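> Take a look at entry39.cif, mmCIF, C-alpha atoms:
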data_query
loop_
_atom_site.label_atom_id
_atom_site.label_comp_id
_atom_site.auth_asym_id
_atom_site.auth_seq_id
_atom_site.Cartn_x
_atom_site.Cartn_y
_atom_site.Cartn_z
CA MET A 10 114.37 88.02 81.47
CA ASN A 11 116.60 89.02 84.35
CA PRO A 12 120.00 90.49 83.41
CA GLU A 13 121.68 87.84 85.60
CA LYS A 14 120.08 85.05 83.58
CA ALA A 15 120.97 86.73 80.30
CA GLU A 16 124.65 86.85 81.27
CA GLY A 17 124.73 83.07 81.48
CA LEU A 18 123.61 82.70 77.84
CA SER A 19 125.92 82.48 74.86
CA PRO A 20 126.57 85.76 72.95
CA GLU A 21 124.34 84.63 70.07
CA LEU A 22 121.43 83.96 72.42
CA GLN A 23 122.00 87.17 74.40
CA SER A 24 121.25 89.32 71.33
CA ALA A 25 118.12 87.35 70.33
CA PRO A 26 115.71 88.59 73.04
CA GLU A 27 116.87 92.24 72.86
CA PRO A 28 114.21 93.35 70.31
CA LEU A 29 111.53 91.56 72.33
CA LEU A 30 112.65 93.18 75.58
CA THR A 31 112.72 96.59 73.89
CA GLY A 32 109.14 96.01 72.68
CA ILE A 33 108.03 94.95 76.17
CA VAL A 34 109.56 98.06 77.71
CA SER A 35 107.85 100.25 75.07
CA LEU A 36 104.46 98.59 75.62
CA SER A 37 104.80 98.86 79.38
CA GLU A 38 105.48 102.59 79.04
CA GLN A 39 102.43 103.06 76.78
CA ILE A 40 100.23 101.15 79.24
CA ARG A 41 101.47 103.34 82.08
CA GLU A 42 100.77 106.51 80.06
CA TYR A 43 97.24 105.37 79.19
CA GLY A 44 96.65 104.46 82.83
CA GLU A 45 97.66 107.95 83.88
CA HIS A 46 95.43 109.43 81.18
CA ILE A 47 92.43 107.38 82.43
CA LYS A 48 93.18 108.40 86.02
CA ALA A 49 93.33 112.11 85.05
CA LEU A 50 90.11 111.83 83.02
CA ALA A 51 88.35 110.19 85.95
CA GLN A 52 89.52 112.85 88.41
CA HIS A 53 88.58 115.85 86.28
CA SER A 54 85.41 114.73 84.49
CA TYR A 55 83.90 112.13 86.84
CA PRO A 56 84.51 112.96 90.52
CA LYS A 57 82.24 110.08 91.62
CA VAL A 58 84.95 107.64 90.49
CA ALA A 59 87.01 108.54 93.57
CA LEU A 60 84.27 107.06 95.78
CA LEU A 61 83.91 103.94 93.66
CA LYS A 62 87.59 103.06 93.47
CA ALA A 63 88.14 103.25 97.23
CA GLY A 64 88.44 99.56 97.93
CA GLN A 65 90.06 96.25 97.12
CA GLY A 66 90.15 95.20 93.45
CA ARG A 67 88.73 98.49 92.18
CA GLY A 68 90.96 100.68 90.14
CA PRO A 69 90.10 103.83 88.24
CA LEU A 70 89.36 101.87 85.04
CA ILE A 71 86.82 99.53 86.67
CA ALA A 72 85.19 102.42 88.53
CA LEU A 73 85.00 104.62 85.43
CA ILE A 74 83.62 101.88 83.16
CA PHE A 75 81.12 100.89 85.87
CA LEU A 76 79.93 104.48 86.21
CA LEU A 77 79.63 105.01 82.46
CA THR A 78 77.93 101.67 81.81
CA LEU A 79 75.24 101.99 84.47
CA GLU A 80 74.65 105.69 83.68
CA ASP A 81 71.83 106.06 86.24
CA PRO A 82 72.35 103.77 89.25
CA GLN A 83 68.92 104.77 90.62
CA ARG A 84 67.17 102.62 88.02
CA PHE A 85 68.03 99.54 90.06
CA ARG A 86 65.72 99.03 93.02
CA LYS A 87 68.22 96.82 94.82
CA SER A 88 71.97 96.72 94.46
CA ARG A 89 71.80 92.95 93.97
CA ASP A 90 70.03 93.52 90.63
CA VAL A 91 73.24 94.93 89.16
CA GLY A 92 74.84 91.47 89.07
CA CYS A 93 71.94 90.16 86.97
CA TYR A 94 72.10 93.21 84.69
CA LEU A 95 75.79 92.53 83.99
CA GLY A 96 75.28 88.82 83.32
CA LEU A 97 77.04 87.58 86.45
CA GLN A 98 74.05 85.54 87.62
CA PRO A 99 73.98 81.79 86.93
CA GLY A 100 71.18 80.57 84.71
CA ARG A 101 68.65 78.09 86.02
CA ARG A 102 66.84 75.18 84.45
CA ASN A 103 64.06 73.54 86.37
CA SER A 104 63.67 69.96 85.23
CA GLY A 105 61.45 67.95 87.50
CA GLN A 106 62.98 67.48 90.93
CA SER A 107 66.42 68.92 90.21
CA GLU A 108 67.56 72.48 89.67
CA PRO A 109 71.08 72.26 88.22
CA GLN A 110 73.18 75.39 88.35
CA MET A 111 74.14 76.47 84.87
CA HIS A 112 76.74 78.87 83.47
CA ILE A 113 76.39 82.63 83.92
CA SER A 114 74.00 84.30 81.50
CA LYS A 115 76.61 86.72 80.05
CA GLU A 116 73.97 89.36 79.44
CA GLY A 117 74.93 93.01 79.65
CA ASP A 118 78.20 94.72 78.88
CA PRO A 119 80.97 92.18 78.20
CA TYR A 120 83.82 94.63 78.83
CA LEU A 121 82.62 95.62 82.28
CA ARG A 122 81.94 91.99 83.13
CA THR A 123 85.49 91.10 82.07
CA LEU A 124 86.94 93.91 84.19
CA LEU A 125 84.93 92.83 87.23
CA VAL A 126 86.09 89.23 86.81
CA GLN A 127 89.70 90.40 86.52
CA GLY A 128 89.25 92.47 89.67
CA ALA A 129 87.85 89.42 91.45
CA GLN A 130 90.79 87.31 90.25
CA HIS A 131 93.15 89.91 91.72
CA ILE A 132 91.27 89.92 95.01
CA LEU A 133 91.36 86.12 95.31
CA GLY A 134 94.84 85.75 93.84
CA PRO A 135 98.19 85.72 95.61
CA PHE A 136 98.58 89.52 95.49
CA GLY A 137 95.17 90.42 96.92
CA ILE A 138 95.29 92.17 100.27
CA GLU A 139 93.40 90.75 103.22
CA CYS A 140 89.80 92.02 103.40
CA ASP A 141 86.30 90.71 104.05
CA LEU A 142 85.58 90.17 100.36
CA ARG A 143 88.75 88.09 99.93
CA ARG A 144 87.98 85.95 102.98
CA TRP A 145 84.43 85.40 101.77
CA GLY A 146 85.60 84.43 98.25
CA LEU A 147 88.32 82.08 99.49
CA LYS A 148 85.88 80.38 101.85
CA LEU A 149 83.49 79.94 98.95
CA ALA A 150 86.28 78.48 96.79
CA GLU A 151 87.22 75.92 99.45
CA ARG A 152 83.79 74.39 99.66
CA GLY A 153 83.09 74.43 95.93
CA GLY A 154 84.62 71.18 94.68
CA LYS A 155 86.62 70.94 91.49
CA SER A 156 85.26 74.13 89.93
CA GLY A 157 84.98 76.01 93.20
CA LYS A 158 87.63 78.59 92.35
CA LYS A 159 85.84 79.54 89.13
CA ARG A 160 82.51 79.88 90.89
CA ALA A 161 84.12 81.89 93.67
CA ILE A 162 85.64 84.31 91.14
CA ILE A 163 82.27 84.92 89.48
CA ALA A 164 80.53 85.27 92.85
CA THR A 165 83.21 87.72 93.99
CA ALA A 166 82.83 89.71 90.76
CA ARG A 167 79.07 89.83 91.33
CA LYS A 168 79.58 90.99 94.91
CA LEU A 169 82.12 93.57 93.68
CA ALA A 170 79.47 94.94 91.31
CA VAL A 171 76.99 95.15 94.19
CA LEU A 172 79.56 96.97 96.34
CA LEU A 173 80.29 99.42 93.53
CA HIS A 174 76.58 100.13 93.15
CA THR A 175 76.20 100.60 96.89
CA CYS A 176 79.08 103.10 96.99
CA GLY A 177 77.83 105.05 94.01
#
Starting from the file, lay out its structure as structure tokens.


Amino acid sequence: MNPEKAEGLSPELQSAPEPLLTGIVSLSEQIREYGEHIKALAQHSYPKVALLKAGQGRGPLIALIFLLTLEDPQRFRKSRDVGCYLGLQPGRRNSGQSEPQMHISKEGDPYLRTLLVQGAQHILGPFGIECDLRRWGLKLAERGGKSGKKRAIIATARKLAVLLHTCG
């Protein structure tokens, strides 16, 4: 809550959110400290992370988890196979003449998949900086119908995984 808004409240209500605000400040400080710890760990122990995090939607956490999850990126013949490995590929069901697109398979590491989806949401969200990946994802979301934004986020996460594999 902004201090200006808190001044407009009655004295009884002004004291009510103080413990909550103190807790939020404490948690924010802990998150910042852990972020710095992850950044230092990545710089000292895994120098390849610097290459992976150079881009939109890729922070040190996503790059580090990606590097540690894949272990040996050479085991994938093509970079596009990484999306399937992480469960970011839609399932398929062939039934006669139609091939409906199903939900993603959710195979692979759920934590890395979650981080990639969050990175894609940042890229396509209001705070994402202008880049080719953002333009591609937004164009995909526009033509997707009522669930186009969701599909665009997953497709952007899959493409982000491919880009990370290509860089590494």

> Taking the file as I've supplied it (selection: the PyMOL selection byres ((chain A and resi 113) around 8)), which residues are included? Please answer as a PyMOL selection string.

chain A and resi 96-100+111-112+114-115

> Next, dump the selected residues to file, keeping only C-alpha atoms, as a JSON list (two decimals), in the frame of the given file.


[["chain", "number", "residue", "atom", "x", "y", "z"],
["A", 96, "GLY", "CA", 75.28, 88.82, 83.32],
["A", 97, "LEU", "CA", 77.04, 87.58, 86.45],
["A", 98, "GLN", "CA", 74.05, 85.54, 87.62],
["A", 99, "PRO", "CA", 73.98, 81.79, 86.93],
["A", 100, "GLY", "CA", 71.18, 80.57, 84.71],
["A", 111, "MET", "CA", 74.14, 76.47, 84.87],
["A", 112, "HIS", "CA", 76.74, 78.87, 83.47],
["A", 114, "SER", "CA", 74.00, 84.30, 81.50],
["A", 115, "LYS", "CA", 76.61, 86.72, 80.05]]

> If you count all atoms listed in the file, which residues fall within 10 Å of Trp145 in chain A, apart from same-chain ones fewer than 5 positions away, as a ChimeraX atom specification?

/A:133,140,150,161,164-165

> Could you list, as a list in words, every residue matched by the PyMOL selection byres ((chain A and resi 118) around 8) in this structure?

Thr78, Leu95, Gly96, Glu116, Gly117, Pro119, Tyr120, Leu121 and Arg122 of chain A

> Next, dump the selected residues to file, keeping only C-alpha atoms, as a compact mmCIF listing (two decimals), in the coordinates of the input.


# COMPACT_ATOMS: atom_id res chain seq x y z
CA THR A 78 77.93 101.67 81.81
CA LEU A 95 75.79 92.53 83.99
CA GLY A 96 75.28 88.82 83.32
CA GLU A 116 73.97 89.36 79.44
CA GLY A 117 74.93 93.01 79.65
CA PRO A 119 80.97 92.18 78.20
CA TYR A 120 83.82 94.63 78.83
CA LEU A 121 82.62 95.62 82.28
CA ARG A 122 81.94 91.99 83.13

> Can you tell me, as a ChimeraX atom specification, what residues are no more than 10 Å from Leu172 in chain A when counting all atoms listed in the file, ignoring any on the same chain fewer than 5 positions away?

/A:61,64,88-89,91,142,166-167,177

> Tell me, in Å to one decimal, how far CA of Ser156 in chain A is from CA of Ser104 in chain A.

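Computed distance, CA of Ser156 in chain A to CA of Ser104 in chain A, equals 22.5 Å.
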
> Which centre and edge lengths in Å to one decimal define the box along x, y and z that fits every listed atom of range 100-103 of chain A plus 5 Å per side, as lines of an AutoDock Vina configuration file?


center_x = 67.6
center_y = 77.1
center_z = 85.4
size_x = 17.1
size_y = 17.0
size_z = 11.9

> Go through A:Gly92, A:His53, A:Ser107, A:Pro20 and flag the residue nearest Val171 in chain A, using only C-alpha atoms for the distances.

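The closest residue to Val171 in chain A is A:Gly92.
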
> Rounded to one decimal, what separation in Å do you get between CA of Ser37 in chain A and CA of Gly68 in chain A?

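Answer for the CA of Ser37 in chain A to CA of Gly68 in chain A separation: 17.6 Å.
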
> Would you write out, as a ChimeraX atom specification, every residue that the PyMOL selection byres ((chain A and resi 143) around 10) captures in this file?

/A:65-66,129-134,137-142,144-149,161,165

> What would the file look like if the residues just selected were written as an mmCIF file, keeping the file's coordinate frame with C-alpha atoms?


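The file below, out-v3.cif, is the result:
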data_model
loop_
_atom_site.group_PDB
_atom_site.id
_atom_site.type_symbol
_atom_site.label_atom_id
_atom_site.label_comp_id
_atom_site.auth_asym_id
_atom_site.auth_seq_id
_atom_site.Cartn_x
_atom_site.Cartn_y
_atom_site.Cartn_z
ATOM 1 C CA GLN A 65 90.060 96.250 97.120
ATOM 2 C CA GLY A 66 90.150 95.200 93.450
ATOM 3 C CA ALA A 129 87.850 89.420 91.450
ATOM 4 C CA GLN A 130 90.790 87.310 90.250
ATOM 5 C CA HIS A 131 93.150 89.910 91.720
ATOM 6 C CA ILE A 132 91.270 89.920 95.010
ATOM 7 C CA LEU A 133 91.360 86.120 95.310
ATOM 8 C CA GLY A 134 94.840 85.750 93.840
ATOM 9 C CA GLY A 137 95.170 90.420 96.920
ATOM 10 C CA ILE A 138 95.290 92.170 100.270
ATOM 11 C CA GLU A 139 93.400 90.750 103.220
ATOM 12 C CA CYS A 140 89.800 92.020 103.400
ATOM 13 C CA ASP A 141 86.300 90.710 104.050
ATOM 14 C CA LEU A 142 85.580 90.170 100.360
ATOM 15 C CA ARG A 144 87.980 85.950 102.980
ATOM 16 C CA TRP A 145 84.430 85.400 101.770
ATOM 17 C CA GLY A 146 85.600 84.430 98.250
ATOM 18 C CA LEU A 147 88.320 82.080 99.490
ATOM 19 C CA LYS A 148 85.880 80.380 101.850
ATOM 20 C CA LEU A 149 83.490 79.940 98.950
ATOM 21 C CA ALA A 161 84.120 81.890 93.670
ATOM 22 C CA THR A 165 83.210 87.720 93.990
#

> Could you tell me how far CA of Leu76 in chain A lies from CA of Arg101 in chain A, in Å and to one decimal?

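Straight-line distance from CA of Leu76 in chain A to CA of Arg101 in chain A works out to 28.7 Å.
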
> Could you tell me which of A:Ala63, A:Ile74, A:Asp90, A:Pro69 comes closest to His46 in chain A if we count only C-alpha atoms?

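For His46 in chain A, the nearest of the candidates is A:Pro69.
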
> Please determine, counting all atoms listed in the file, which residue among A:Lys155, A:Lys168, A:His174, A:Arg160 has the shortest atom-to-atom distance to Val58 in chain A.

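Nearest candidate to Val58 in chain A out of A:Lys155, A:Lys168, A:His174, A:Arg160: A:His174.
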
> Pick the closest to Tyr94 in chain A from A:Ala170, A:Pro56, A:Gly44, A:Gly17: which is it, counting only C-alpha atoms?

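Closest candidate: A:Ala170.
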
> How would range 65-88 of chain A read, as a PDB file, in the frame of the given file, once N, CA and C atoms are built in?


ATOM      1  N   GLN A  65      89.249  97.337  97.654  1.00  0.00           N
ATOM      2  CA  GLN A  65      90.060  96.250  97.120  1.00  0.00           C
ATOM      3  C   GLN A  65      89.565  95.837  95.730  1.00  0.00           C
ATOM      4  N   GLY A  66      90.482  95.701  94.775  1.00  0.00           N
ATOM      5  CA  GLY A  66      90.150  95.200  93.450  1.00  0.00           C
ATOM      6  C   GLY A  66      89.458  96.208  92.556  1.00  0.00           C
ATOM      7  N   ARG A  67      89.414  97.466  92.973  1.00  0.00           N
ATOM      8  CA  ARG A  67      88.730  98.490  92.180  1.00  0.00           C
ATOM      9  C   ARG A  67      89.715  99.579  91.830  1.00  0.00           C
ATOM     10  N   GLY A  68      90.086  99.617  90.594  1.00  0.00           N
ATOM     11  CA  GLY A  68      90.960 100.680  90.140  1.00  0.00           C
ATOM     12  C   GLY A  68      90.153 101.746  89.426  1.00  0.00           C
ATOM     13  N   PRO A  69      90.821 102.765  88.922  1.00  0.00           N
ATOM     14  CA  PRO A  69      90.100 103.830  88.240  1.00  0.00           C
ATOM     15  C   PRO A  69      89.402 103.351  86.968  1.00  0.00           C
ATOM     16  N   LEU A  70      89.973 102.359  86.280  1.00  0.00           N
ATOM     17  CA  LEU A  70      89.360 101.870  85.040  1.00  0.00           C
ATOM     18  C   LEU A  70      88.049 101.152  85.341  1.00  0.00           C
ATOM     19  N   ILE A  71      88.048 100.253  86.319  1.00  0.00           N
ATOM     20  CA  ILE A  71      86.820  99.530  86.670  1.00  0.00           C
ATOM     21  C   ILE A  71      85.764 100.511  87.156  1.00  0.00           C
ATOM     22  N   ALA A  72      86.146 101.459  88.005  1.00  0.00           N
ATOM     23  CA  ALA A  72      85.190 102.420  88.530  1.00  0.00           C
ATOM     24  C   ALA A  72      84.617 103.302  87.426  1.00  0.00           C
ATOM     25  N   LEU A  73      85.449 103.753  86.509  1.00  0.00           N
ATOM     26  CA  LEU A  73      85.000 104.620  85.430  1.00  0.00           C
ATOM     27  C   LEU A  73      84.069 103.875  84.476  1.00  0.00           C
ATOM     28  N   ILE A  74      84.455 102.672  84.075  1.00  0.00           N
ATOM     29  CA  ILE A  74      83.620 101.880  83.160  1.00  0.00           C
ATOM     30  C   ILE A  74      82.303 101.519  83.841  1.00  0.00           C
ATOM     31  N   PHE A  75      82.341 101.198  85.126  1.00  0.00           N
ATOM     32  CA  PHE A  75      81.120 100.890  85.870  1.00  0.00           C
ATOM     33  C   PHE A  75      80.184 102.098  85.871  1.00  0.00           C
ATOM     34  N   LEU A  76      80.722 103.255  86.155  1.00  0.00           N
ATOM     35  CA  LEU A  76      79.930 104.480  86.210  1.00  0.00           C
ATOM     36  C   LEU A  76      79.322 104.805  84.849  1.00  0.00           C
ATOM     37  N   LEU A  77      80.120 104.671  83.794  1.00  0.00           N
ATOM     38  CA  LEU A  77      79.630 105.010  82.460  1.00  0.00           C
ATOM     39  C   LEU A  77      78.669 103.961  81.911  1.00  0.00           C
ATOM     40  N   THR A  78      78.825 102.722  82.300  1.00  0.00           N
ATOM     41  CA  THR A  78      77.930 101.670  81.810  1.00  0.00           C
ATOM     42  C   THR A  78      76.569 101.745  82.464  1.00  0.00           C
ATOM     43  N   LEU A  79      76.524 101.946  83.767  1.00  0.00           N
ATOM     44  CA  LEU A  79      75.240 101.990  84.470  1.00  0.00           C
ATOM     45  C   LEU A  79      74.487 103.290  84.220  1.00  0.00           C
ATOM     46  N   GLU A  80      75.193 104.355  83.912  1.00  0.00           N
ATOM     47  CA  GLU A  80      74.650 105.690  83.680  1.00  0.00           C
ATOM     48  C   GLU A  80      73.844 106.187  84.878  1.00  0.00           C
ATOM     49  N   ASP A  81      72.673 105.628  85.124  1.00  0.00           N
ATOM     50  CA  ASP A  81      71.830 106.060  86.240  1.00  0.00           C
ATOM     51  C   ASP A  81      71.682 104.906  87.219  1.00  0.00           C
ATOM     52  N   PRO A  82      72.443 104.893  88.313  1.00  0.00           N
ATOM     53  CA  PRO A  82      72.350 103.770  89.250  1.00  0.00           C
ATOM     54  C   PRO A  82      71.006 103.695  89.970  1.00  0.00           C
ATOM     55  N   GLN A  83      70.215 104.758  89.936  1.00  0.00           N
ATOM     56  CA  GLN A  83      68.920 104.770  90.620  1.00  0.00           C
ATOM     57  C   GLN A  83      67.882 103.895  89.929  1.00  0.00           C
ATOM     58  N   ARG A  84      68.153 103.452  88.711  1.00  0.00           N
ATOM     59  CA  ARG A  84      67.170 102.620  88.020  1.00  0.00           C
ATOM     60  C   ARG A  84      67.093 101.205  88.571  1.00  0.00           C
ATOM     61  N   PHE A  85      68.055 100.853  89.409  1.00  0.00           N
ATOM     62  CA  PHE A  85      68.030  99.540  90.060  1.00  0.00           C
ATOM     63  C   PHE A  85      67.429  99.694  91.442  1.00  0.00           C
ATOM     64  N   ARG A  86      66.362  98.954  91.715  1.00  0.00           N
ATOM     65  CA  ARG A  86      65.720  99.030  93.020  1.00  0.00           C
ATOM     66  C   ARG A  86      66.645  98.541  94.115  1.00  0.00           C
ATOM     67  N   LYS A  87      67.294  97.408  93.859  1.00  0.00           N
ATOM     68  CA  LYS A  87      68.220  96.820  94.820  1.00  0.00           C
ATOM     69  C   LYS A  87      69.595  96.721  94.173  1.00  0.00           C
ATOM     70  N   SER A  88      70.612  96.828  94.987  1.00  0.00           N
ATOM     71  CA  SER A  88      71.970  96.720  94.460  1.00  0.00           C
ATOM     72  C   SER A  88      72.259  95.320  93.916  1.00  0.00           C
TER      73      SER A  88
END
